[in-house]
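K.L.:
Just dropping this structure here.
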Amino acid sequence: MPERINWYPGHMARSRRLLQEQLRAVDAVVELCDARAPLATRNPDLNQLTRGKARLLVLNKADLADDNVTAAWLKYFRAREVETVRFNSNGARAREILGRIEEAVRPAMEKAARRGVRKTARLMVIGIPNVGKSTFINRINGSPIAKAADRPGVTRSNQWVKISPYLELLDTPGMLPPRLDDLDRARLLAYLGSVRDQILNTEELAMGLLMHLMQVAPQAARARFKLTQEQYESPEELLEAACRGRGWLLSGGRVDTDRASALILDEFRGGKAGKISLETPPAGRPEHA
Ligand SMILES: Nc1nc2c(ncn2[C@@H]2O[C@H](COP(=O)(O)OP(=O)(O)O)[C@@H](O)[C@H]2O)c(=O)[nH]1
Ligand SMILES: [Mg+2]
């Protein structure tokens with residue numbers, strides 16, 4: 001798998017410049033990551049790019065993550081003085097998060113107010129692809145606005161949407177490509193579907209995911225993929241067991257690993273295997289982060 005991952009520093013530099021320009025227009029940023037793998041789905045460059053701006057980190061897709069692990073992540077980020085909140089952009093109500101956004105921007109707004117400037121905070125939603133930015137923007141706006149901006153080739157001037165008396169939203173999400181320089185990180189992103197499948201071998205990916213699930217959520221993995229053995233010697237054996245367990249077989253009883261691999265990835269990504277987190281917070285005290 002390592003040699004198959006494409007890594008384009010040039011692409012990253014262009015995205016950075018674009019994002020830098022967009023950021024100039026806003027006072028605050030809402031950064032989205034995937035609650036199932038918050039570190040892998042954050043671009044570390046964002047920290048530096050958003051320095052000095054009011055910020056809220058949203059652990060999005062929390063409906064797909066293990067609630068206990070998400071609670072541990074909230075603690076982890078809050079211990080590092082990052083305002084953090086969990087959210088489900090597909091299901092939760094906007095007002096569950098609007099209050100948190102207003103709280104996060106208030107200190108910056110008050111500071112500005114003391115200088116006699118600007119009473120409305122302008123914010124932008126940022127994050128790597130697929131963490132749910134468009135869904136989030138539409139959710140907090142209450143009606144679809146972000147879709148048009150997603151259409152390739154459509155250039156739009158900055159559009160501001162008033163979402164509360166003190167808050168305006170730039171309806172174009174800011175995007176940085178995910179960092180794929182670290183293989184473990186790249187793998188997690190691939191399991192989540194955040195990088196295109198074509199650059200990775202589906203079967204290897206499914207085997208890797210099964211191995212990973214046996215580490216982080218063995219009960220759920222066993223139940224979903226009908227795995228009965230206590231242990232499996234190899235990724236191949238694990239995939240084969242899932243094929244037999246789920247009846248993914250070809251004529252003559254041969255295992256259909258192609259079909260199995262696609263389905264295993266689909267089912268995990270769709271949350272069918274349960275609420276599973278792929279990353280847990282690293283141990284250690286905040287000052288050693
Ligand atoms: N279950 C769940 N799915 C979500 C959530 N937010 C977004 N999605 C789904 O994730 C996929 C990517 O969302 P999208 O908004 O296009 O991501 P973007 O690339 O960051 O703009 C879509 O299929 C959404 O329906 C969430 O909070 N929970
Ligand atoms: Mg989008």
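Ordering of the structure tokens sets the chain letters (A, B, ...); residue numbers start at 1 within each chain; ligands are numbered from 1 in the order shown.
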Within 7 Å of ligand 2, counting only C-alpha atoms and all ligand atoms, which protein or nucleic acid residues do you find, written as a ChimeraX atom specification?

P.N.:
/A:129-130,132-134,150,173

K.L.:
Okay, now the selection with N, CA and C atoms, as a PDB file, in the first residue's frame?

P.N.:
ATOM      1  N   PRO A 129     -11.623  17.085   3.123  1.00  0.00           N
ATOM      2  CA  PRO A 129     -12.805  16.575   2.425  1.00  0.00           C
ATOM      3  C   PRO A 129     -13.519  15.477   3.213  1.00  0.00           C
ATOM      4  N   ASN A 130     -14.831  15.458   3.065  1.00  0.00           N
ATOM      5  CA  ASN A 130     -15.662  14.353   3.555  1.00  0.00           C
ATOM      6  C   ASN A 130     -15.943  14.344   5.064  1.00  0.00           C
ATOM      7  N   GLY A 132     -17.852  16.407   6.440  1.00  0.00           N
ATOM      8  CA  GLY A 132     -19.251  16.829   6.588  1.00  0.00           C
ATOM      9  C   GLY A 132     -19.461  18.331   6.557  1.00  0.00           C
ATOM     10  N   LYS A 133     -18.553  19.068   5.944  1.00  0.00           N
ATOM     11  CA  LYS A 133     -18.651  20.541   5.949  1.00  0.00           C
ATOM     12  C   LYS A 133     -19.940  21.037   5.298  1.00  0.00           C
ATOM     13  N   SER A 134     -20.248  20.523   4.108  1.00  0.00           N
ATOM     14  CA  SER A 134     -21.448  21.001   3.406  1.00  0.00           C
ATOM     15  C   SER A 134     -22.706  20.644   4.197  1.00  0.00           C
ATOM     16  N   ASP A 150     -20.311  23.685  -4.074  1.00  0.00           N
ATOM     17  CA  ASP A 150     -19.543  22.467  -4.264  1.00  0.00           C
ATOM     18  C   ASP A 150     -19.410  22.079  -5.728  1.00  0.00           C
ATOM     19  N   PRO A 173     -17.236  26.377   2.149  1.00  0.00           N
ATOM     20  CA  PRO A 173     -16.345  25.745   3.129  1.00  0.00           C
ATOM     21  C   PRO A 173     -14.889  25.843   2.697  1.00  0.00           C
TER      22      PRO A 173
END

K.L.:
Neighbouring residues of ligand 1 are defined here as those with any atom at most 8 Å from a ligand atom, counting only C-alpha atoms and all ligand atoms; list them as a PyMOL selection string.

P.N.:
chain A and resi 32+60-64+87-92+127-137+150+173+270-271

K.L.:
Quick one: residues within 10 Å of A:Glu168, only C-alpha atoms, excluding same-chain residues fewer than 2 positions away - as a list in words?

P.N.:
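Skipping anything fewer than 2 positions along the chain leaves Val26, Asp27, Ala28, Thr120, Ala121, Arg122, Leu123, Met124, Gln159, Trp160, Val161, Lys162, Ile163, Ser164, Pro165, Tyr166, Leu170 and Asp171 of chain A.
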
K.L.:
Now that the selection is made, can you save its residues with all heavy atoms as a CSV table (one decimal), in the first residue's frame?

P.N.:
chain,number,residue,atom,x,y,z
A,26,VAL,N,-12.7,36.3,7.5
A,26,VAL,CA,-13.5,35.8,8.7
A,26,VAL,C,-12.8,36.1,10.0
A,26,VAL,O,-11.6,36.3,10.1
A,26,VAL,CB,-13.8,34.3,8.6
A,26,VAL,CG1,-14.6,34.0,7.3
A,26,VAL,CG2,-12.6,33.5,8.7
A,27,ASP,N,-13.6,36.2,11.1
A,27,ASP,CA,-13.2,36.4,12.4
A,27,ASP,C,-13.0,35.1,13.2
A,27,ASP,O,-12.3,35.0,14.2
A,27,ASP,CB,-14.2,37.2,13.2
A,27,ASP,CG,-14.6,38.4,12.5
A,27,ASP,OD1,-13.8,39.3,12.3
A,27,ASP,OD2,-15.8,38.5,12.0
A,28,ALA,N,-13.8,34.1,12.7
A,28,ALA,CA,-13.8,32.8,13.5
A,28,ALA,C,-13.9,31.6,12.5
A,28,ALA,O,-14.4,31.7,11.4
A,28,ALA,CB,-15.1,32.9,14.4
A,120,THR,N,-20.6,42.0,14.5
A,120,THR,CA,-21.0,40.7,14.0
A,120,THR,C,-19.8,39.8,13.7
A,120,THR,O,-18.9,40.2,13.0
A,120,THR,CB,-21.9,40.8,12.7
A,120,THR,OG1,-23.0,41.6,13.0
A,120,THR,CG2,-22.3,39.5,12.1
A,121,ALA,N,-19.9,38.6,14.2
A,121,ALA,CA,-18.8,37.7,13.9
A,121,ALA,C,-19.0,37.0,12.5
A,121,ALA,O,-20.1,36.5,12.3
A,121,ALA,CB,-18.6,36.6,15.0
A,122,ARG,N,-18.0,37.0,11.7
A,122,ARG,CA,-18.1,36.2,10.5
A,122,ARG,C,-17.3,35.0,10.6
A,122,ARG,O,-16.1,35.0,11.0
A,122,ARG,CB,-17.5,37.1,9.3
A,122,ARG,CG,-18.4,38.4,9.2
A,122,ARG,CD,-17.9,39.2,8.0
A,122,ARG,NE,-19.0,39.8,7.3
A,122,ARG,CZ,-18.9,40.5,6.2
A,122,ARG,NH1,-17.8,40.7,5.7
A,122,ARG,NH2,-20.0,41.0,5.7
A,123,LEU,N,-17.9,33.9,10.3
A,123,LEU,CA,-17.2,32.6,10.5
A,123,LEU,C,-17.2,31.8,9.2
A,123,LEU,O,-18.0,32.0,8.3
A,123,LEU,CB,-17.8,31.9,11.6
A,123,LEU,CG,-19.1,31.3,11.6
A,123,LEU,CD1,-19.1,29.8,11.1
A,123,LEU,CD2,-19.8,31.3,13.0
A,124,MET,N,-16.3,30.9,9.2
A,124,MET,CA,-16.2,29.9,8.1
A,124,MET,C,-16.0,28.5,8.6
A,124,MET,O,-15.4,28.3,9.6
A,124,MET,CB,-14.9,30.4,7.3
A,124,MET,CG,-14.8,29.6,6.0
A,124,MET,SD,-13.5,30.4,5.0
A,124,MET,CE,-12.1,29.4,5.4
A,159,GLN,N,-20.4,34.8,-0.3
A,159,GLN,CA,-21.8,34.9,0.1
A,159,GLN,C,-21.9,34.8,1.6
A,159,GLN,O,-21.5,33.8,2.2
A,159,GLN,CB,-22.7,33.9,-0.5
A,159,GLN,CG,-22.8,34.2,-2.0
A,159,GLN,CD,-24.3,33.9,-2.4
A,159,GLN,OE1,-25.1,33.6,-1.6
A,159,GLN,NE2,-24.6,34.1,-3.7
A,160,TRP,N,-22.5,35.8,2.2
A,160,TRP,CA,-22.7,35.8,3.7
A,160,TRP,C,-24.1,35.4,4.0
A,160,TRP,O,-25.0,36.0,3.5
A,160,TRP,CB,-22.3,37.1,4.3
A,160,TRP,CG,-20.8,37.4,4.1
A,160,TRP,CD1,-20.3,38.1,3.1
A,160,TRP,CD2,-19.8,36.9,4.8
A,160,TRP,NE1,-18.9,38.1,3.2
A,160,TRP,CE2,-18.6,37.4,4.2
A,160,TRP,CE3,-19.7,36.1,6.0
A,160,TRP,CZ2,-17.3,37.1,4.8
A,160,TRP,CZ3,-18.4,35.8,6.5
A,160,TRP,CH2,-17.3,36.3,5.9
A,161,VAL,N,-24.2,34.5,5.0
A,161,VAL,CA,-25.6,34.1,5.4
A,161,VAL,C,-25.7,34.4,6.9
A,161,VAL,O,-24.8,34.0,7.7
A,161,VAL,CB,-25.7,32.6,5.2
A,161,VAL,CG1,-27.1,32.1,5.6
A,161,VAL,CG2,-25.5,32.2,3.7
A,162,LYS,N,-26.7,35.1,7.2
A,162,LYS,CA,-26.9,35.5,8.6
A,162,LYS,C,-27.6,34.3,9.3
A,162,LYS,O,-28.6,33.8,8.9
A,162,LYS,CB,-27.9,36.7,8.7
A,162,LYS,CG,-27.7,37.5,10.0
A,162,LYS,CD,-28.5,38.8,9.9
A,162,LYS,CE,-28.1,39.8,11.0
A,162,LYS,NZ,-26.8,40.4,10.9
A,163,ILE,N,-26.9,33.8,10.4
A,163,ILE,CA,-27.4,32.7,11.1
A,163,ILE,C,-27.9,33.0,12.5
A,163,ILE,O,-28.6,32.3,13.1
A,163,ILE,CB,-26.5,31.4,11.1
A,163,ILE,CG1,-25.1,31.8,11.7
A,163,ILE,CG2,-26.3,30.8,9.7
A,163,ILE,CD1,-24.3,30.6,11.9
A,164,SER,N,-27.5,34.2,12.9
A,164,SER,CA,-28.1,34.7,14.2
A,164,SER,C,-27.7,36.2,14.2
A,164,SER,O,-27.0,36.6,13.3
A,164,SER,CB,-27.5,34.0,15.4
A,164,SER,OG,-26.3,34.6,15.8
A,165,PRO,N,-28.3,36.9,15.2
A,165,PRO,CA,-28.1,38.4,15.1
A,165,PRO,C,-26.6,38.8,15.2
A,165,PRO,O,-26.2,39.8,14.7
A,165,PRO,CB,-28.8,38.9,16.4
A,165,PRO,CG,-29.8,37.9,16.7
A,165,PRO,CD,-29.2,36.6,16.2
A,166,TYR,N,-25.7,37.9,15.7
A,166,TYR,CA,-24.3,38.3,15.9
A,166,TYR,C,-23.4,37.4,15.0
A,166,TYR,O,-22.2,37.5,15.1
A,166,TYR,CB,-23.9,38.1,17.3
A,166,TYR,CG,-24.8,38.8,18.3
A,166,TYR,CD1,-25.7,38.2,19.0
A,166,TYR,CD2,-24.7,40.2,18.4
A,166,TYR,CE1,-26.6,38.8,19.9
A,166,TYR,CE2,-25.6,40.9,19.2
A,166,TYR,CZ,-26.5,40.2,20.0
A,166,TYR,OH,-27.3,40.9,20.8
A,170,LEU,N,-19.8,32.4,6.1
A,170,LEU,CA,-19.4,32.3,4.7
A,170,LEU,C,-19.8,31.0,4.2
A,170,LEU,O,-19.3,30.0,4.7
A,170,LEU,CB,-17.9,32.5,4.7
A,170,LEU,CG,-17.2,32.5,3.3
A,170,LEU,CD1,-17.8,33.6,2.4
A,170,LEU,CD2,-15.7,32.6,3.4
A,171,ASP,N,-20.6,31.0,3.2
A,171,ASP,CA,-21.2,29.7,2.8
A,171,ASP,C,-20.3,28.8,2.0
A,171,ASP,O,-20.7,27.7,1.6
A,171,ASP,CB,-22.6,29.9,2.2
A,171,ASP,CG,-22.5,30.2,0.7
A,171,ASP,OD1,-21.4,30.5,0.2
A,171,ASP,OD2,-23.5,30.1,0.0

K.L.:
Please give the complete set of residues from stretch 117-280 of chain A that DSSP, run on the backbone, assigns to strand (DSSP E or B), formatted as a list in words.

P.N.:
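Written out, the strand (DSSP E or B) residues of stretch 117-280 of chain A are Ala121, Arg122, Leu123, Met124, Val125, Ile126, Gly127, Trp160, Val161, Lys162, Ile163, Ser164, Leu167, Glu168, Leu169, Leu170, Asp171, Thr172, Pro173, Gly174, Met175, Leu249 and Val255 of chain A.
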
K.L.:
Rounded to one decimal, what separation in Å do you get between atom CA of A:Ala190 and atom CA of A:Glu203?

P.N.:
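So the two atoms, atom CA of A:Ala190 and atom CA of A:Glu203, lie 12.0 Å apart.
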
K.L.:
Would you work out the distance separating atom CA of A:Glu237 from atom CA of A:Met207, expressed in Å to one decimal?

P.N.:
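These atoms are spaced 9.1 Å apart.
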
K.L.:
For stretch 95-110 of chain A, please output as an MDAnalysis selection string all residues within 7 Å (counting only C-alpha atoms; exclusion window: fewer than 2 positions along the same chain).

P.N.:
chainID A and resid 28 54:56 93 112:114 119 121

K.L.:
So that I can see what lies close to A:Arg224, please list as a PDB file with all heavy atoms, in the first residue's frame the residues with an atom at most 9 Å from it, counting only C-alpha atoms and leaving out residues fewer than 3 positions away in the same chain.

P.N.:
ATOM      1  N   GLN A 219     -15.865  -6.962  19.561  1.00  0.00           N
ATOM      2  CA  GLN A 219     -17.213  -7.535  19.674  1.00  0.00           C
ATOM      3  C   GLN A 219     -18.078  -7.150  18.488  1.00  0.00           C
ATOM      4  O   GLN A 219     -18.779  -7.986  17.910  1.00  0.00           O
ATOM      5  CB  GLN A 219     -17.881  -7.057  20.966  1.00  0.00           C
ATOM      6  CG  GLN A 219     -17.377  -7.809  22.182  1.00  0.00           C
ATOM      7  CD  GLN A 219     -18.133  -7.406  23.426  1.00  0.00           C
ATOM      8  OE1 GLN A 219     -18.565  -6.249  23.550  1.00  0.00           O
ATOM      9  NE2 GLN A 219     -18.308  -8.341  24.333  1.00  0.00           N
ATOM     10  N   ALA A 220     -18.043  -5.880  18.145  1.00  0.00           N
ATOM     11  CA  ALA A 220     -18.851  -5.392  17.026  1.00  0.00           C
ATOM     12  C   ALA A 220     -18.406  -6.052  15.726  1.00  0.00           C
ATOM     13  O   ALA A 220     -19.230  -6.448  14.897  1.00  0.00           O
ATOM     14  CB  ALA A 220     -18.744  -3.874  16.916  1.00  0.00           C
ATOM     15  N   ALA A 221     -17.085  -6.184  15.558  1.00  0.00           N
ATOM     16  CA  ALA A 221     -16.567  -6.786  14.331  1.00  0.00           C
ATOM     17  C   ALA A 221     -16.978  -8.246  14.233  1.00  0.00           C
ATOM     18  O   ALA A 221     -17.428  -8.710  13.182  1.00  0.00           O
ATOM     19  CB  ALA A 221     -15.044  -6.656  14.290  1.00  0.00           C
ATOM     20  N   LEU A 227     -17.598 -13.623  12.865  1.00  0.00           N
ATOM     21  CA  LEU A 227     -16.285 -14.203  13.105  1.00  0.00           C
ATOM     22  C   LEU A 227     -16.342 -15.010  14.389  1.00  0.00           C
ATOM     23  O   LEU A 227     -16.691 -14.480  15.444  1.00  0.00           O
ATOM     24  CB  LEU A 227     -15.236 -13.091  13.217  1.00  0.00           C
ATOM     25  CG  LEU A 227     -15.173 -12.138  12.016  1.00  0.00           C
ATOM     26  CD1 LEU A 227     -14.363 -10.893  12.340  1.00  0.00           C
ATOM     27  CD2 LEU A 227     -14.609 -12.854  10.795  1.00  0.00           C
ATOM     28  N   ALA A 242     -14.613 -13.835   7.275  1.00  0.00           N
ATOM     29  CA  ALA A 242     -15.775 -12.963   7.091  1.00  0.00           C
ATOM     30  C   ALA A 242     -16.589 -13.409   5.875  1.00  0.00           C
ATOM     31  O   ALA A 242     -17.824 -13.407   5.899  1.00  0.00           O
ATOM     32  CB  ALA A 242     -15.322 -11.519   6.930  1.00  0.00           C
ATOM     33  N   ARG A 246     -20.362 -14.545   6.380  1.00  0.00           N
ATOM     34  CA  ARG A 246     -21.453 -13.791   5.760  1.00  0.00           C
ATOM     35  C   ARG A 246     -21.979 -14.423   4.470  1.00  0.00           C
ATOM     36  O   ARG A 246     -22.900 -13.906   3.840  1.00  0.00           O
ATOM     37  CB  ARG A 246     -20.978 -12.363   5.482  1.00  0.00           C
ATOM     38  CG  ARG A 246     -20.778 -11.538   6.769  1.00  0.00           C
ATOM     39  CD  ARG A 246     -22.108 -11.147   7.407  1.00  0.00           C
ATOM     40  NE  ARG A 246     -22.881 -10.323   6.500  1.00  0.00           N
ATOM     41  CZ  ARG A 246     -22.742  -9.000   6.381  1.00  0.00           C
ATOM     42  NH1 ARG A 246     -21.901  -8.366   7.142  1.00  0.00           N
ATOM     43  NH2 ARG A 246     -23.464  -8.346   5.504  1.00  0.00           N
ATOM     44  N   LYS A 272     -22.964   0.543   9.784  1.00  0.00           N
ATOM     45  CA  LYS A 272     -23.759  -0.682   9.992  1.00  0.00           C
ATOM     46  C   LYS A 272     -23.111  -1.638  10.993  1.00  0.00           C
ATOM     47  O   LYS A 272     -23.779  -2.491  11.560  1.00  0.00           O
ATOM     48  CB  LYS A 272     -23.978  -1.398   8.658  1.00  0.00           C
ATOM     49  CG  LYS A 272     -24.855  -0.622   7.694  1.00  0.00           C
ATOM     50  CD  LYS A 272     -25.553  -1.552   6.728  1.00  0.00           C
ATOM     51  CE  LYS A 272     -26.428  -0.796   5.757  1.00  0.00           C
ATOM     52  NZ  LYS A 272     -25.627  -0.199   4.638  1.00  0.00           N
ATOM     53  N   ALA A 273     -21.804  -1.491  11.189  1.00  0.00           N
ATOM     54  CA  ALA A 273     -21.135  -2.362  12.150  1.00  0.00           C
ATOM     55  C   ALA A 273     -21.263  -1.811  13.579  1.00  0.00           C
ATOM     56  O   ALA A 273     -20.790  -2.404  14.531  1.00  0.00           O
ATOM     57  CB  ALA A 273     -19.665  -2.535  11.773  1.00  0.00           C
ATOM     58  N   GLY A 274     -21.923  -0.668  13.708  1.00  0.00           N
ATOM     59  CA  GLY A 274     -22.117  -0.067  15.031  1.00  0.00           C
ATOM     60  C   GLY A 274     -21.365   1.237  15.152  1.00  0.00           C
ATOM     61  O   GLY A 274     -20.761   1.721  14.196  1.00  0.00           O
TER      62      GLY A 274
END

K.L.:
Taking only C-alpha atoms into account, which of A:Ala71, A:Leu180, A:Ile126, A:Ile276 comes nearest A:Arg196?

P.N.:
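Using only C-alpha atoms, the shortest distance to A:Arg196 belongs to A:Leu180.
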
K.L.:
Quick one: everything within 10 Å of A:Asp256, counting only C-alpha atoms, minus sequence neighbours fewer than 2 positions away in the same chain. Send it as a list in words.

P.N.:
Leu239, Glu240, Cys243, Arg244, Gly247, Trp248, Leu249, Leu250, Ser251, Gly253, Arg254, Asp258, Arg259, Ala260 and Ser261 of chain A

K.L.:
What is the distance between atom CA of A:Gln22 and atom CA of A:Arg42, in Å to one decimal?

P.N.:
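For atom CA of A:Gln22 relative to atom CA of A:Arg42, the distance reads 18.3 Å.
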
K.L.:
With only C-alpha atoms as the basis for distance, which of A:Glu279, A:Glu267, A:Asp45, A:Asp67 is at the shortest distance from A:Leu189?

P.N.:
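Comparing A:Glu279, A:Glu267, A:Asp45, A:Asp67 against A:Leu189, the winner is A:Glu279.
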
K.L.:
Go through A:Asn68, A:Asn201, A:Thr172, A:Ser277 and flag the residue nearest A:Leu213, using only C-alpha atoms for the distances.

P.N.:
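Checking each candidate against A:Leu213, we get A:Ser277 as the closest.
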